[in-house]
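J.: Dumping the structure here so I can ask a few things about it.
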Amino acid sequence: MPENVASRTAPARRPLGPSSRSQVPDFEVMTILGRVSELRAAGHDVVSLCAGEPGGGAPALVNARAAEIHASGRALNYTPSLGIAELREAIAGHYRRWYGLDVDPARVAVTTGSSGAFMAGFLAAFNAGDRVAMARPGYAAYRNILTALGCHVVEIDAGPAVRYQPTPALLEEAEAAHGPLAGLVLASPNNPTGTMATRAEVRALAEWCHEHEVRLVSDEIYHGITYADTASAPVEQGEEDEPGDERGVCAWEYSTEAMVISSFSKYWGMPGWRIGWMLMPEDLAPAIGGLSGSVSLCPPAAAQYAAVEAFADESYAACDEQVAGFARARALLLENQERLGWTDAAPADGAFYFYATPGERMLARYGTSTAYCEALLEQAHVALTPGTDFDTAHGDRYIRLSFAAGYDAVREAIERIVAFQRG
């Protein structure tokens, strides 16, 4: 072939640099945590309420088992890619205990945190170019992972009128505007708002997804962290109240076509252990198993062996006690909302987040919630997260406060915030 012809037909070489798929926004809460570490290293007393990190740690039995494993000197080698049999069986037993569901342990995939479940699940369920819907405001990692995988994220503006949760009507509007959906991510309790979908709403969404051949991805990592004054949602006509509703409604109660994703990070207070799981739809199980073996090899071995103890009666009791502590911190926030001057707060049915605007006076002073949070951290040493992590349209007016650190931390933060806003 003549040289001039070859030069015209050769594909252009891409310059060195990051891929286009990697161009997703920073997860702001991680940036803030980095600054918190810097300030603490410099000797400042920082109250960090920016991350969803329970302050109580893992249940005592889990810690004891982990200590025993490490003290034994046993080799911690690779485990099966979908997790050890004992833990998969214990997770299946958890679904009998909380939801009355008979789950085959073979349908349980243990993952490296819920993040590992989202990555493997999204890879297995969706092709590049597929449209996947999620409520706005919502957890930033859904959007970022899906975008990095080449999916088109359809954000549904789910505001206070629908309690920040998607509805079949909103999904119909989304399809009319953007085209057929391939998936829907449902989070109940939601991060950042804490709102929960009722039993009737979960059923309606599961049925809509089945009828429209849309994959439902149900994020249930905050199940168990709910509050007595809001968790008992009104029962819809024709719906019977079910035991365990106060902990959250599992999507598999209505559709085993759904991917159900959960984690030890929140209710069990084990975020740094990096152990989560997924209930796998039957048609996706082979793909998830194959992907998991390549993407992560296996979840952390010691954490898996220790996590079996999370399902002991003593561990459930300890976790419920920690949830009671979250309830005290939540009540303190609600009592002081007027004093803080924060407005437009979402009803925190569950999880451990308070999502609101810092008030028109603060927004007028600082312009955006990001600038407000930056000034609060640098001047008062209180770390909150701006709403831009969760809402690409309206987030610059909102903040998220995590009360997972407990009552004392929240009490100190309130006093510092009030003083900061006066100054």
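Ordering of the structure tokens sets the chain letters (A, B, ...); residue numbers start at 1 within each chain; ligands are numbered from 1 in the order shown.
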Report as number ranges by chain all protein, DNA and RNA residues lying within 9 Å of segment 379-384 of chain A, evaluated on only C-alpha atoms, omitting residues in the same chain fewer than 6 positions from it.
T.: A: 29, 32-33, 36, 39, 44-51, 373, 399-402, 413, 416-417, 419-420
J.: May I have the selected residues written with N, CA, C and O atoms, as a PDB file, in the first residue's frame?
T.:
```pdb
ATOM      1  N   VAL A  29     -17.764  14.453  49.596  1.00  0.00           N
ATOM      2  CA  VAL A  29     -17.606  14.064  50.998  1.00  0.00           C
ATOM      3  C   VAL A  29     -16.213  13.510  51.262  1.00  0.00           C
ATOM      4  O   VAL A  29     -15.629  13.723  52.336  1.00  0.00           O
ATOM      5  N   ILE A  32     -13.852  16.428  51.586  1.00  0.00           N
ATOM      6  CA  ILE A  32     -14.032  17.073  52.894  1.00  0.00           C
ATOM      7  C   ILE A  32     -13.364  16.249  53.983  1.00  0.00           C
ATOM      8  O   ILE A  32     -12.711  16.804  54.890  1.00  0.00           O
ATOM      9  N   LEU A  33     -13.498  14.925  53.928  1.00  0.00           N
ATOM     10  CA  LEU A  33     -12.843  14.076  54.921  1.00  0.00           C
ATOM     11  C   LEU A  33     -11.327  14.261  54.891  1.00  0.00           C
ATOM     12  O   LEU A  33     -10.666  14.231  55.936  1.00  0.00           O
ATOM     13  N   VAL A  36     -10.659  17.404  56.768  1.00  0.00           N
ATOM     14  CA  VAL A  36     -10.835  17.152  58.197  1.00  0.00           C
ATOM     15  C   VAL A  36      -9.562  16.537  58.776  1.00  0.00           C
ATOM     16  O   VAL A  36      -9.086  16.934  59.851  1.00  0.00           O
ATOM     17  N   LEU A  39      -6.881  19.238  59.153  1.00  0.00           N
ATOM     18  CA  LEU A  39      -7.129  20.139  60.280  1.00  0.00           C
ATOM     19  C   LEU A  39      -6.846  19.447  61.602  1.00  0.00           C
ATOM     20  O   LEU A  39      -6.276  20.056  62.526  1.00  0.00           O
ATOM     21  N   HIS A  44      -6.458  20.908  65.406  1.00  0.00           N
ATOM     22  CA  HIS A  44      -7.806  21.456  65.590  1.00  0.00           C
ATOM     23  C   HIS A  44      -8.797  20.355  65.982  1.00  0.00           C
ATOM     24  O   HIS A  44      -8.701  19.213  65.516  1.00  0.00           O
ATOM     25  N   ASP A  45      -9.724  20.713  66.826  1.00  0.00           N
ATOM     26  CA  ASP A  45     -10.796  19.809  67.246  1.00  0.00           C
ATOM     27  C   ASP A  45     -11.951  19.951  66.262  1.00  0.00           C
ATOM     28  O   ASP A  45     -12.714  20.914  66.313  1.00  0.00           O
ATOM     29  N   VAL A  46     -12.073  19.015  65.355  1.00  0.00           N
ATOM     30  CA  VAL A  46     -13.080  19.082  64.302  1.00  0.00           C
ATOM     31  C   VAL A  46     -14.223  18.119  64.626  1.00  0.00           C
ATOM     32  O   VAL A  46     -13.987  16.953  64.938  1.00  0.00           O
ATOM     33  N   VAL A  47     -15.444  18.620  64.530  1.00  0.00           N
ATOM     34  CA  VAL A  47     -16.631  17.765  64.640  1.00  0.00           C
ATOM     35  C   VAL A  47     -17.034  17.397  63.219  1.00  0.00           C
ATOM     36  O   VAL A  47     -17.474  18.250  62.446  1.00  0.00           O
ATOM     37  N   SER A  48     -16.860  16.140  62.867  1.00  0.00           N
ATOM     38  CA  SER A  48     -17.119  15.704  61.497  1.00  0.00           C
ATOM     39  C   SER A  48     -18.489  15.039  61.404  1.00  0.00           C
ATOM     40  O   SER A  48     -18.702  13.951  61.942  1.00  0.00           O
ATOM     41  N   LEU A  49     -19.386  15.731  60.719  1.00  0.00           N
ATOM     42  CA  LEU A  49     -20.745  15.226  60.485  1.00  0.00           C
ATOM     43  C   LEU A  49     -21.002  15.161  58.979  1.00  0.00           C
ATOM     44  O   LEU A  49     -22.129  15.353  58.526  1.00  0.00           O
ATOM     45  N   CYS A  50     -19.943  14.869  58.211  1.00  0.00           N
ATOM     46  CA  CYS A  50     -20.090  14.879  56.763  1.00  0.00           C
ATOM     47  C   CYS A  50     -20.288  13.492  56.182  1.00  0.00           C
ATOM     48  O   CYS A  50     -20.827  13.355  55.086  1.00  0.00           O
ATOM     49  N   ALA A  51     -19.843  12.447  56.868  1.00  0.00           N
ATOM     50  CA  ALA A  51     -19.889  11.098  56.303  1.00  0.00           C
ATOM     51  C   ALA A  51     -20.856  10.209  57.075  1.00  0.00           C
ATOM     52  O   ALA A  51     -21.107  10.425  58.263  1.00  0.00           O
ATOM     53  N   CYS A 373     -20.465  25.591  53.628  1.00  0.00           N
ATOM     54  CA  CYS A 373     -19.810  24.455  54.275  1.00  0.00           C
ATOM     55  C   CYS A 373     -18.304  24.678  54.409  1.00  0.00           C
ATOM     56  O   CYS A 373     -17.698  24.306  55.428  1.00  0.00           O
ATOM     57  N   ILE A 399     -27.700  21.345  52.300  1.00  0.00           N
ATOM     58  CA  ILE A 399     -26.619  20.717  53.032  1.00  0.00           C
ATOM     59  C   ILE A 399     -27.120  19.395  53.599  1.00  0.00           C
ATOM     60  O   ILE A 399     -28.319  19.208  53.833  1.00  0.00           O
ATOM     61  N   ARG A 400     -26.177  18.460  53.800  1.00  0.00           N
ATOM     62  CA  ARG A 400     -26.508  17.214  54.481  1.00  0.00           C
ATOM     63  C   ARG A 400     -25.667  17.110  55.739  1.00  0.00           C
ATOM     64  O   ARG A 400     -24.444  17.211  55.694  1.00  0.00           O
ATOM     65  N   LEU A 401     -26.340  16.919  56.859  1.00  0.00           N
ATOM     66  CA  LEU A 401     -25.673  16.673  58.129  1.00  0.00           C
ATOM     67  C   LEU A 401     -25.869  15.207  58.487  1.00  0.00           C
ATOM     68  O   LEU A 401     -27.002  14.723  58.515  1.00  0.00           O
ATOM     69  N   SER A 402     -24.791  14.500  58.752  1.00  0.00           N
ATOM     70  CA  SER A 402     -24.877  13.116  59.207  1.00  0.00           C
ATOM     71  C   SER A 402     -24.799  13.098  60.725  1.00  0.00           C
ATOM     72  O   SER A 402     -23.820  13.579  61.300  1.00  0.00           O
ATOM     73  N   ALA A 413     -21.790  20.264  67.702  1.00  0.00           N
ATOM     74  CA  ALA A 413     -21.873  20.887  66.385  1.00  0.00           C
ATOM     75  C   ALA A 413     -22.956  21.961  66.351  1.00  0.00           C
ATOM     76  O   ALA A 413     -22.746  23.033  65.759  1.00  0.00           O
ATOM     77  N   ARG A 416     -21.689  25.147  67.890  1.00  0.00           N
ATOM     78  CA  ARG A 416     -20.709  25.814  67.030  1.00  0.00           C
ATOM     79  C   ARG A 416     -21.385  26.442  65.819  1.00  0.00           C
ATOM     80  O   ARG A 416     -21.012  27.558  65.394  1.00  0.00           O
ATOM     81  N   ILE A 417     -22.351  25.752  65.236  1.00  0.00           N
ATOM     82  CA  ILE A 417     -23.029  26.289  64.044  1.00  0.00           C
ATOM     83  C   ILE A 417     -23.812  27.545  64.399  1.00  0.00           C
ATOM     84  O   ILE A 417     -23.773  28.562  63.672  1.00  0.00           O
ATOM     85  N   ALA A 419     -23.242  29.657  66.827  1.00  0.00           N
ATOM     86  CA  ALA A 419     -22.290  30.752  67.070  1.00  0.00           C
ATOM     87  C   ALA A 419     -21.709  31.258  65.756  1.00  0.00           C
ATOM     88  O   ALA A 419     -21.554  32.470  65.554  1.00  0.00           O
ATOM     89  N   PHE A 420     -21.372  30.340  64.847  1.00  0.00           N
ATOM     90  CA  PHE A 420     -20.814  30.712  63.552  1.00  0.00           C
ATOM     91  C   PHE A 420     -21.806  31.566  62.777  1.00  0.00           C
ATOM     92  O   PHE A 420     -21.442  32.601  62.182  1.00  0.00           O
TER      93      PHE A 420
END
```
J.: Taking the chain letters and numbering used in this document, name the residues of segment 303-388 of chain A that DSSP puts in alpha helix (DSSP H), as number ranges by chain.
T.: A: 303-307, 313-335, 337-340, 360-366, 369-375
J.: Show me, as a PyMOL selection string, the residues that have an atom within 10 Å of Ala285 of chain A when counting only C-alpha atoms, minus same-chain residues fewer than 2 positions from it.
T.: chain A and resi 106-109+121+124+279-283+287-291
J.: List the spatial neighbours of Ser292 of chain A as a list in words - criterion: any atom at most 12 Å away, only C-alpha atoms, same-chain residues fewer than 5 positions off excluded.
T.: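 My list of contacting residues is Thr79, Pro80, Ser81, Leu82, Gly83, Ala109, Val110, Thr111, Thr112, Gly116, Ala117, Phe118, Met119, Ala120, Gly121, Phe122, Leu123, Ala124, Trp277, Met278, Ala285, Pro286, Ala287, Leu297, Cys298 and Pro299 of chain A.
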J.: Name the residues of segment 167-386 of chain A that fall into strand (DSSP E or B) according to DSSP on the backbone, using the chain letters and numbers of this document, as a ChimeraX atom specification.
T.: /A:183-187,215-219,226,259-263,276-279,343,350,353-357,382-383,385-386
J.: Which value, in Å to one decimal, gives the distance between atom CA of Ala176 of chain A and atom CA of Val132 of chain A?
T.: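 So the answer is 13.9 Å.
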J.: Please provide the set of residues having any atom within 8 Å of segment 134-140 of chain A, restricted to only C-alpha atoms, with same-chain residues fewer than 3 positions apart removed, written as number ranges by chain.
T.: A: 27, 143-144, 153-159, 164-166, 184-186, 190-193, 389-392, 395
J.: How would the residues just picked look written out with C-alpha atoms as an mmCIF file, in the first residue's frame?
T.:
```cif
data_model
loop_
_atom_site.group_PDB
_atom_site.id
_atom_site.type_symbol
_atom_site.label_atom_id
_atom_site.label_comp_id
_atom_site.auth_asym_id
_atom_site.auth_seq_id
_atom_site.Cartn_x
_atom_site.Cartn_y
_atom_site.Cartn_z
ATOM 1 C CA PHE A 27 -17.217 12.642 45.556
ATOM 2 C CA ARG A 143 -24.556 8.363 38.985
ATOM 3 C CA ASN A 144 -20.766 8.276 38.846
ATOM 4 C CA VAL A 153 -28.273 8.427 33.868
ATOM 5 C CA VAL A 154 -31.822 9.789 33.840
ATOM 6 C CA GLU A 155 -32.303 11.893 36.952
ATOM 7 C CA ILE A 156 -35.875 12.110 38.181
ATOM 8 C CA ASP A 157 -36.647 15.324 40.009
ATOM 9 C CA ALA A 158 -38.342 13.719 43.019
ATOM 10 C CA GLY A 159 -39.084 16.574 45.364
ATOM 11 C CA TYR A 164 -38.132 12.461 47.415
ATOM 12 C CA GLN A 165 -38.961 8.990 46.050
ATOM 13 C CA PRO A 166 -39.623 7.944 42.431
ATOM 14 C CA LEU A 184 -34.233 2.102 38.093
ATOM 15 C CA VAL A 185 -32.202 2.620 41.276
ATOM 16 C CA LEU A 186 -34.452 2.840 44.346
ATOM 17 C CA ASN A 190 -32.719 7.440 50.815
ATOM 18 C CA ASN A 191 -29.335 9.100 51.068
ATOM 19 C CA PRO A 192 -29.301 12.114 51.553
ATOM 20 C CA THR A 193 -32.929 12.737 52.531
ATOM 21 C CA ASP A 389 -22.931 15.726 45.895
ATOM 22 C CA PHE A 390 -26.548 14.567 45.671
ATOM 23 C CA ASP A 391 -28.441 16.993 43.445
ATOM 24 C CA THR A 392 -26.970 18.374 40.233
ATOM 25 C CA GLY A 395 -27.925 20.949 45.466
#
```
J.: Write out as a ChimeraX atom specification each polymer residue whose atoms come within 12 Å of Glu314 of chain A, counting only C-alpha atoms; drop sequence neighbours fewer than 4 positions from it.
T.: /A:58-62,268,309-310,318-321
J.: Deliver the residues from the most recent selection as a file, using C-alpha atoms, as an mmCIF file, in the first residue's frame.
T.:
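out-v1.cif was written with the following content:
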```cif
data_model
loop_
_atom_site.group_PDB
_atom_site.id
_atom_site.type_symbol
_atom_site.label_atom_id
_atom_site.label_comp_id
_atom_site.auth_asym_id
_atom_site.auth_seq_id
_atom_site.Cartn_x
_atom_site.Cartn_y
_atom_site.Cartn_z
ATOM 1 C CA ALA A 58 -18.913 -3.193 64.995
ATOM 2 C CA PRO A 59 -20.825 -5.422 67.441
ATOM 3 C CA ALA A 60 -18.614 -6.893 70.179
ATOM 4 C CA LEU A 61 -18.960 -10.461 68.895
ATOM 5 C CA VAL A 62 -17.720 -9.395 65.459
ATOM 6 C CA TRP A 268 -23.948 -3.001 61.856
ATOM 7 C CA GLU A 309 -21.203 -13.063 64.116
ATOM 8 C CA ALA A 310 -23.172 -9.974 63.049
ATOM 9 C CA ALA A 318 -26.245 -4.047 70.146
ATOM 10 C CA CYS A 319 -27.136 -2.582 66.748
ATOM 11 C CA ASP A 320 -30.649 -1.705 67.875
ATOM 12 C CA GLU A 321 -29.108 0.085 70.851
#
```
J.: Nearest to Ile275 of chain A: which of A:Ala307, A:Leu332, A:Ala177, A:Ile414 is it, counting only C-alpha atoms?
T.: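 Using only C-alpha atoms, the shortest distance to Ile275 of chain A belongs to A:Ala307.
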J.: Can you list, as a list of chain:residue names, every protein, DNA or RNA residue that comes within 9 Å of His212 of chain A when you count only C-alpha atoms, leaving out same-chain residues fewer than 5 positions away?
T.: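 Near His212 of chain A, the qualifying residues are A:Pro180, A:Leu181, A:Ala182, A:Glu207.
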J.: Dump N, CA, C and O atoms for the selected residues as a PDB file, in the first residue's frame?
T.:
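Contents of the output file result-v3.pdb:
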```pdb
ATOM      1  N   PRO A 180     -36.993   4.611  26.373  1.00  0.00           N
ATOM      2  CA  PRO A 180     -37.168   3.476  27.279  1.00  0.00           C
ATOM      3  C   PRO A 180     -36.016   3.353  28.281  1.00  0.00           C
ATOM      4  O   PRO A 180     -34.848   3.519  27.934  1.00  0.00           O
ATOM      5  N   LEU A 181     -36.393   3.046  29.509  1.00  0.00           N
ATOM      6  CA  LEU A 181     -35.406   2.844  30.570  1.00  0.00           C
ATOM      7  C   LEU A 181     -34.982   1.384  30.617  1.00  0.00           C
ATOM      8  O   LEU A 181     -35.765   0.483  30.331  1.00  0.00           O
ATOM      9  N   ALA A 182     -33.739   1.156  31.018  1.00  0.00           N
ATOM     10  CA  ALA A 182     -33.251  -0.202  31.257  1.00  0.00           C
ATOM     11  C   ALA A 182     -33.215  -0.522  32.738  1.00  0.00           C
ATOM     12  O   ALA A 182     -33.238  -1.699  33.117  1.00  0.00           O
ATOM     13  N   GLU A 207     -43.859  -3.620  40.388  1.00  0.00           N
ATOM     14  CA  GLU A 207     -44.788  -4.056  39.338  1.00  0.00           C
ATOM     15  C   GLU A 207     -44.571  -3.263  38.059  1.00  0.00           C
ATOM     16  O   GLU A 207     -44.605  -3.827  36.954  1.00  0.00           O
TER      17      GLU A 207
END
```
